[in-house]
>>> print(open('coords.txt').read())   # compact mmCIF, N, CA and C atoms
# COMPACT_ATOMS: atom_id res chain seq x y z
N MET U 1392 143.76 79.09 86.98
CA MET U 1392 143.12 77.95 87.59
C MET U 1392 142.64 78.29 89.00
N THR U 1393 143.44 79.05 89.73
CA THR U 1393 143.03 79.37 91.10
C THR U 1393 141.78 80.22 91.14
N SER U 1394 141.54 81.05 90.13
CA SER U 1394 140.33 81.87 90.14
C SER U 1394 139.09 80.99 90.03
N THR U 1395 139.16 79.90 89.29
CA THR U 1395 138.04 78.96 89.19
C THR U 1395 137.80 78.29 90.53
N VAL U 1396 138.88 77.88 91.19
CA VAL U 1396 138.77 77.24 92.51
C VAL U 1396 138.22 78.24 93.51
N ASP U 1397 138.74 79.47 93.48
CA ASP U 1397 138.25 80.52 94.38
C ASP U 1397 136.77 80.80 94.14
N GLN U 1398 136.37 80.84 92.90
CA GLN U 1398 134.97 81.11 92.59
C GLN U 1398 134.08 79.98 93.09
N LYS U 1399 134.53 78.74 92.95
CA LYS U 1399 133.75 77.61 93.45
C LYS U 1399 133.61 77.68 94.97
N LYS U 1400 134.66 78.10 95.66
CA LYS U 1400 134.60 78.25 97.11
C LYS U 1400 133.61 79.35 97.49
N LYS U 1401 133.66 80.45 96.76
CA LYS U 1401 132.74 81.55 97.03
C LYS U 1401 131.29 81.11 96.79
N ASP U 1402 131.08 80.38 95.70
CA ASP U 1402 129.73 79.91 95.38
C ASP U 1402 129.23 78.95 96.45
N LYS U 1403 130.10 78.06 96.91
CA LYS U 1403 129.70 77.12 97.97
C LYS U 1403 129.38 77.87 99.25
N HIS U 1404 130.17 78.88 99.57
CA HIS U 1404 129.92 79.69 100.76
C HIS U 1404 128.57 80.39 100.65
N LYS U 1405 128.27 80.97 99.50
CA LYS U 1405 127.00 81.64 99.29
C LYS U 1405 125.84 80.66 99.43
N ARG U 1406 126.02 79.47 98.87
CA ARG U 1406 124.99 78.43 98.96
C ARG U 1406 124.78 77.99 100.40
N ASP U 1407 125.87 77.77 101.11
CA ASP U 1407 125.79 77.36 102.51
C ASP U 1407 125.08 78.42 103.35
N ARG U 1408 125.40 79.70 103.12
CA ARG U 1408 124.75 80.78 103.84
C ARG U 1408 123.25 80.81 103.55
N PHE U 1409 122.91 80.63 102.29
CA PHE U 1409 121.49 80.61 101.90
C PHE U 1409 120.76 79.49 102.62
N GLU U 1410 121.34 78.30 102.58
CA GLU U 1410 120.71 77.15 103.23
C GLU U 1410 120.57 77.36 104.74
N ALA U 1411 121.55 77.97 105.36
CA ALA U 1411 121.51 78.19 106.80
C ALA U 1411 120.45 79.23 107.19
N LEU U 1412 120.23 80.21 106.34
CA LEU U 1412 119.33 81.30 106.67
C LEU U 1412 117.90 81.10 106.18
N ARG U 1413 117.73 80.30 105.16
CA ARG U 1413 116.41 80.16 104.53
C ARG U 1413 115.34 79.70 105.52
N LEU U 1414 115.50 78.58 106.15
CA LEU U 1414 114.47 78.03 107.02
C LEU U 1414 114.16 78.95 108.21
N PRO U 1415 115.15 79.43 108.94
CA PRO U 1415 114.81 80.32 110.07
C PRO U 1415 114.08 81.58 109.63
N ARG U 1416 114.46 82.14 108.51
CA ARG U 1416 113.80 83.37 108.06
C ARG U 1416 112.38 83.10 107.57
N VAL U 1417 112.18 82.00 106.88
CA VAL U 1417 110.82 81.65 106.45
C VAL U 1417 109.96 81.36 107.67
N GLN U 1418 110.50 80.66 108.64
CA GLN U 1418 109.75 80.38 109.87
C GLN U 1418 109.38 81.67 110.59
N ALA U 1419 110.28 82.64 110.60
CA ALA U 1419 110.00 83.92 111.24
C ALA U 1419 108.88 84.66 110.52
N VAL U 1420 108.88 84.60 109.19
CA VAL U 1420 107.81 85.25 108.42
C VAL U 1420 106.47 84.58 108.72
N VAL U 1421 106.46 83.26 108.76
CA VAL U 1421 105.22 82.53 109.04
C VAL U 1421 104.71 82.90 110.44
N HIS U 1422 105.61 82.95 111.40
CA HIS U 1422 105.23 83.30 112.77
C HIS U 1422 104.62 84.70 112.83
N ARG U 1423 105.28 85.67 112.23
CA ARG U 1423 104.78 87.04 112.23
C ARG U 1423 103.46 87.16 111.46
N HIS U 1424 103.35 86.42 110.38
CA HIS U 1424 102.10 86.42 109.61
C HIS U 1424 100.94 85.95 110.49
N ARG U 1425 101.17 84.87 111.23
CA ARG U 1425 100.12 84.35 112.11
C ARG U 1425 99.76 85.34 113.20
N GLN U 1426 100.76 86.01 113.74
CA GLN U 1426 100.49 87.02 114.76
C GLN U 1426 99.64 88.16 114.20
N LEU U 1427 100.00 88.62 113.02
CA LEU U 1427 99.23 89.70 112.39
C LEU U 1427 97.83 89.22 112.03
N GLN U 1428 97.73 87.99 111.56
CA GLN U 1428 96.43 87.45 111.19
C GLN U 1428 95.53 87.33 112.41
N ASN U 1429 96.10 87.07 113.57
CA ASN U 1429 95.31 87.02 114.80
C ASN U 1429 94.62 88.35 115.09
N LEU U 1430 95.22 89.45 114.65
CA LEU U 1430 94.60 90.76 114.86
C LEU U 1430 93.27 90.91 114.13
N ALA U 1431 93.03 90.06 113.16
CA ALA U 1431 91.77 90.13 112.41
C ALA U 1431 90.60 89.57 113.22
N ASN U 1432 90.86 88.94 114.34
CA ASN U 1432 89.82 88.35 115.18
C ASN U 1432 89.03 89.46 115.88
N GLN U 1433 87.85 89.73 115.38
CA GLN U 1433 87.08 90.85 115.91
C GLN U 1433 86.45 90.57 117.26
N SER U 1434 86.52 89.35 117.74
CA SER U 1434 86.05 89.12 119.10
C SER U 1434 87.11 89.57 120.11
N ASN U 1435 88.33 89.78 119.65
CA ASN U 1435 89.40 90.26 120.53
C ASN U 1435 89.83 91.70 120.25
N TYR U 1436 89.60 92.18 119.03
CA TYR U 1436 90.12 93.49 118.63
C TYR U 1436 89.05 94.26 117.86
N LYS U 1437 89.14 95.57 117.90
CA LYS U 1437 88.25 96.45 117.14
C LYS U 1437 89.09 97.26 116.16
N TYR U 1438 88.65 97.31 114.92
CA TYR U 1438 89.35 98.08 113.90
C TYR U 1438 88.35 98.48 112.83
N THR U 1439 88.73 99.47 112.05
CA THR U 1439 87.85 99.95 110.99
C THR U 1439 88.11 99.19 109.69
N LYS U 1440 87.18 99.33 108.79
CA LYS U 1440 87.36 98.73 107.47
C LYS U 1440 88.58 99.34 106.79
N GLY U 1441 88.78 100.62 106.96
CA GLY U 1441 89.93 101.30 106.37
C GLY U 1441 91.25 100.74 106.89
N GLU U 1442 91.31 100.48 108.18
CA GLU U 1442 92.52 99.88 108.75
C GLU U 1442 92.76 98.49 108.19
N ALA U 1443 91.70 97.73 108.05
CA ALA U 1443 91.82 96.39 107.48
C ALA U 1443 92.31 96.47 106.03
N GLU U 1444 91.77 97.41 105.28
CA GLU U 1444 92.19 97.59 103.89
C GLU U 1444 93.66 97.98 103.80
N GLN U 1445 94.13 98.80 104.75
CA GLN U 1445 95.54 99.18 104.76
C GLN U 1445 96.44 97.96 104.96
N VAL U 1446 96.05 97.08 105.89
CA VAL U 1446 96.84 95.88 106.15
C VAL U 1446 96.89 95.00 104.90
N VAL U 1447 95.73 94.80 104.28
CA VAL U 1447 95.66 93.95 103.09
C VAL U 1447 96.46 94.56 101.95
N LYS U 1448 96.35 95.87 101.77
CA LYS U 1448 97.10 96.55 100.70
C LYS U 1448 98.60 96.40 100.91
N LEU U 1449 99.05 96.55 102.16
CA LEU U 1449 100.47 96.38 102.46
C LEU U 1449 100.92 94.96 102.14
N TYR U 1450 100.11 93.97 102.53
CA TYR U 1450 100.45 92.59 102.21
C TYR U 1450 100.56 92.38 100.70
N GLU U 1451 99.63 92.94 99.96
CA GLU U 1451 99.66 92.80 98.51
C GLU U 1451 100.93 93.41 97.92
N LEU U 1452 101.30 94.59 98.40
CA LEU U 1452 102.52 95.24 97.91
C LEU U 1452 103.76 94.41 98.25
N MET U 1453 103.79 93.90 99.47
CA MET U 1453 104.94 93.09 99.89
C MET U 1453 105.03 91.80 99.08
N LEU U 1454 103.90 91.19 98.79
CA LEU U 1454 103.91 89.98 97.98
C LEU U 1454 104.40 90.26 96.57
N GLU U 1455 103.98 91.36 96.00
CA GLU U 1455 104.47 91.73 94.66
C GLU U 1455 105.98 91.94 94.67
N GLU U 1456 106.49 92.61 95.70
CA GLU U 1456 107.93 92.80 95.81
C GLU U 1456 108.66 91.47 95.93
N ALA U 1457 108.10 90.56 96.70
CA ALA U 1457 108.71 89.24 96.87
C ALA U 1457 108.71 88.47 95.55
N LYS U 1458 107.61 88.54 94.82
CA LYS U 1458 107.54 87.87 93.52
C LYS U 1458 108.62 88.40 92.58
N GLU U 1459 108.77 89.71 92.55
CA GLU U 1459 109.79 90.30 91.69
C GLU U 1459 111.18 89.85 92.09
N ALA U 1460 111.45 89.86 93.38
CA ALA U 1460 112.78 89.50 93.86
C ALA U 1460 113.10 88.02 93.60
N TRP U 1461 112.13 87.16 93.78
CA TRP U 1461 112.37 85.72 93.69
C TRP U 1461 112.17 85.14 92.29
N LEU U 1462 111.18 85.63 91.59
CA LEU U 1462 110.78 84.95 90.35
C LEU U 1462 111.16 85.66 89.07
N GLU U 1463 111.38 86.95 89.12
CA GLU U 1463 111.69 87.68 87.90
C GLU U 1463 113.19 87.92 87.79
N VAL U 1464 113.93 86.83 87.76
CA VAL U 1464 115.38 86.91 87.61
C VAL U 1464 115.75 86.31 86.26
N ASP U 1465 116.92 86.70 85.77
CA ASP U 1465 117.34 86.23 84.46
C ASP U 1465 117.67 84.74 84.46
N SER U 1466 118.30 84.28 85.53
CA SER U 1466 118.65 82.86 85.59
C SER U 1466 118.84 82.45 87.02
N TYR U 1467 118.69 81.17 87.25
CA TYR U 1467 118.98 80.58 88.56
C TYR U 1467 120.32 79.87 88.41
N ASN U 1468 121.21 80.10 89.34
CA ASN U 1468 122.58 79.68 89.12
C ASN U 1468 122.97 78.36 89.79
N LEU U 1469 122.03 77.46 89.91
CA LEU U 1469 122.40 76.12 90.39
C LEU U 1469 122.28 75.13 89.27
>>> encode(input="coords.txt", output="structure tokens")
Amino acid sequence: MTSTVDQKKKDKHKRDRFEALRLPRVQAVVHRHRQLQNLANQSNYKYTKGEAEQVVKLYELMLEEAKEAWLEVDSYNL
């Protein structure tokens, strides 16, 4: 019986940690995304098409990794 209680405590702790970290981390990603997107303003910065393509390619790869991590799971445990 105690293992079930212990597991529930662990699950609650994991959930609480997720809830505490989710919003600040998402906000940080949004902030950094906006900063990087500002670099695309050609009235302030000069860059080549190749450099722009590198940034876009990296974003695409990162998005694919995020999709795999978040959406391609066997089950959601809530």
>>> select_by_dssp(input="coords.txt", residues="chain U", states="helix (DSSP H, G or I)", output="PyMOL selection string")
chain U and resi 1393-1429+1440-1462
>>> atom_distance(input="coords.txt", atom1="CA of Ala1431 in chain U", atom2="atom N of Ala1443 in chain U")
8.8 Å
>>> atom_distance(input="coords.txt", atom1="CA of Arg1408 in chain U", atom2="atom N of Trp1461 in chain U")
17.4 Å
>>> atom_distance(input="coords.txt", atom1="CA of Asn1468 in chain U", atom2="CA of Thr1395 in chain U")
15.5 Å
>>> build_atoms(input="coords.txt", residues="range 1420-1431 of chain U", atoms="all heavy atoms", output="CSV table (one decimal), keeping the file's coordinate frame")
chain,number,residue,atom,x,y,z
U,1420,VAL,N,108.9,84.6,109.2
U,1420,VAL,CA,107.8,85.2,108.4
U,1420,VAL,C,106.5,84.6,108.7
U,1420,VAL,O,105.5,85.3,108.9
U,1420,VAL,CB,108.1,85.2,106.9
U,1420,VAL,CG1,106.9,85.6,106.1
U,1420,VAL,CG2,109.3,86.1,106.6
U,1421,VAL,N,106.5,83.3,108.8
U,1421,VAL,CA,105.2,82.5,109.0
U,1421,VAL,C,104.7,82.9,110.4
U,1421,VAL,O,103.5,83.2,110.6
U,1421,VAL,CB,105.4,81.0,108.9
U,1421,VAL,CG1,104.2,80.2,109.5
U,1421,VAL,CG2,105.7,80.6,107.5
U,1422,HIS,N,105.6,83.0,111.4
U,1422,HIS,CA,105.2,83.3,112.8
U,1422,HIS,C,104.6,84.7,112.8
U,1422,HIS,O,103.5,84.9,113.4
U,1422,HIS,CB,106.4,83.2,113.7
U,1422,HIS,CG,106.2,83.6,115.1
U,1422,HIS,ND1,105.4,82.9,116.0
U,1422,HIS,CD2,106.6,84.7,115.8
U,1422,HIS,CE1,105.4,83.5,117.1
U,1422,HIS,NE2,106.0,84.6,117.0
U,1423,ARG,N,105.3,85.7,112.2
U,1423,ARG,CA,104.8,87.0,112.2
U,1423,ARG,C,103.5,87.2,111.5
U,1423,ARG,O,102.6,87.9,111.8
U,1423,ARG,CB,105.8,88.0,111.7
U,1423,ARG,CG,107.0,88.2,112.5
U,1423,ARG,CD,106.5,88.8,113.8
U,1423,ARG,NE,107.7,89.3,114.6
U,1423,ARG,CZ,107.6,89.8,115.8
U,1423,ARG,NH1,106.5,89.9,116.4
U,1423,ARG,NH2,108.7,90.1,116.4
U,1424,HIS,N,103.4,86.4,110.4
U,1424,HIS,CA,102.1,86.4,109.6
U,1424,HIS,C,100.9,86.0,110.5
U,1424,HIS,O,99.9,86.6,110.5
U,1424,HIS,CB,102.2,85.5,108.4
U,1424,HIS,CG,100.9,85.2,107.7
U,1424,HIS,ND1,100.3,86.1,106.9
U,1424,HIS,CD2,100.1,84.1,107.8
U,1424,HIS,CE1,99.1,85.5,106.5
U,1424,HIS,NE2,99.0,84.3,107.1
U,1425,ARG,N,101.2,84.9,111.2
U,1425,ARG,CA,100.1,84.4,112.1
U,1425,ARG,C,99.8,85.3,113.2
U,1425,ARG,O,98.6,85.5,113.6
U,1425,ARG,CB,100.5,83.0,112.7
U,1425,ARG,CG,100.5,81.9,111.7
U,1425,ARG,CD,101.0,80.6,112.3
U,1425,ARG,NE,100.9,79.5,111.2
U,1425,ARG,CZ,101.7,78.5,111.2
U,1425,ARG,NH1,102.5,78.3,112.2
U,1425,ARG,NH2,101.6,77.6,110.3
U,1426,GLN,N,100.8,86.0,113.7
U,1426,GLN,CA,100.5,87.0,114.8
U,1426,GLN,C,99.6,88.2,114.2
U,1426,GLN,O,98.7,88.6,114.8
U,1426,GLN,CB,101.8,87.6,115.3
U,1426,GLN,CG,102.5,86.7,116.2
U,1426,GLN,CD,103.8,87.3,116.8
U,1426,GLN,OE1,104.5,88.0,116.1
U,1426,GLN,NE2,104.0,87.1,118.1
U,1427,LEU,N,100.0,88.6,113.0
U,1427,LEU,CA,99.2,89.7,112.4
U,1427,LEU,C,97.8,89.2,112.0
U,1427,LEU,O,96.8,89.9,112.2
U,1427,LEU,CB,100.0,90.2,111.2
U,1427,LEU,CG,99.4,91.5,110.5
U,1427,LEU,CD1,99.3,92.6,111.5
U,1427,LEU,CD2,100.2,91.9,109.3
U,1428,GLN,N,97.7,88.0,111.6
U,1428,GLN,CA,96.4,87.4,111.2
U,1428,GLN,C,95.5,87.3,112.4
U,1428,GLN,O,94.3,87.5,112.3
U,1428,GLN,CB,96.6,86.1,110.5
U,1428,GLN,CG,95.4,85.6,109.8
U,1428,GLN,CD,95.7,84.4,109.0
U,1428,GLN,OE1,96.8,83.9,108.9
U,1428,GLN,NE2,94.7,83.9,108.3
U,1429,ASN,N,96.1,87.1,113.6
U,1429,ASN,CA,95.3,87.0,114.8
U,1429,ASN,C,94.6,88.4,115.1
U,1429,ASN,O,93.6,88.4,115.7
U,1429,ASN,CB,96.2,86.6,116.0
U,1429,ASN,CG,96.6,85.2,116.0
U,1429,ASN,OD1,96.0,84.4,115.2
U,1429,ASN,ND2,97.6,84.8,116.7
U,1430,LEU,N,95.2,89.4,114.6
U,1430,LEU,CA,94.6,90.8,114.9
U,1430,LEU,C,93.3,90.9,114.1
U,1430,LEU,O,92.5,91.8,114.5
U,1430,LEU,CB,95.5,91.9,114.4
U,1430,LEU,CG,96.7,92.2,115.3
U,1430,LEU,CD1,97.6,93.2,114.7
U,1430,LEU,CD2,96.3,92.6,116.7
U,1431,ALA,N,93.0,90.1,113.2
U,1431,ALA,CA,91.8,90.1,112.4
U,1431,ALA,C,90.6,89.6,113.2
U,1431,ALA,O,89.4,89.7,112.8
U,1431,ALA,CB,91.9,89.4,111.1
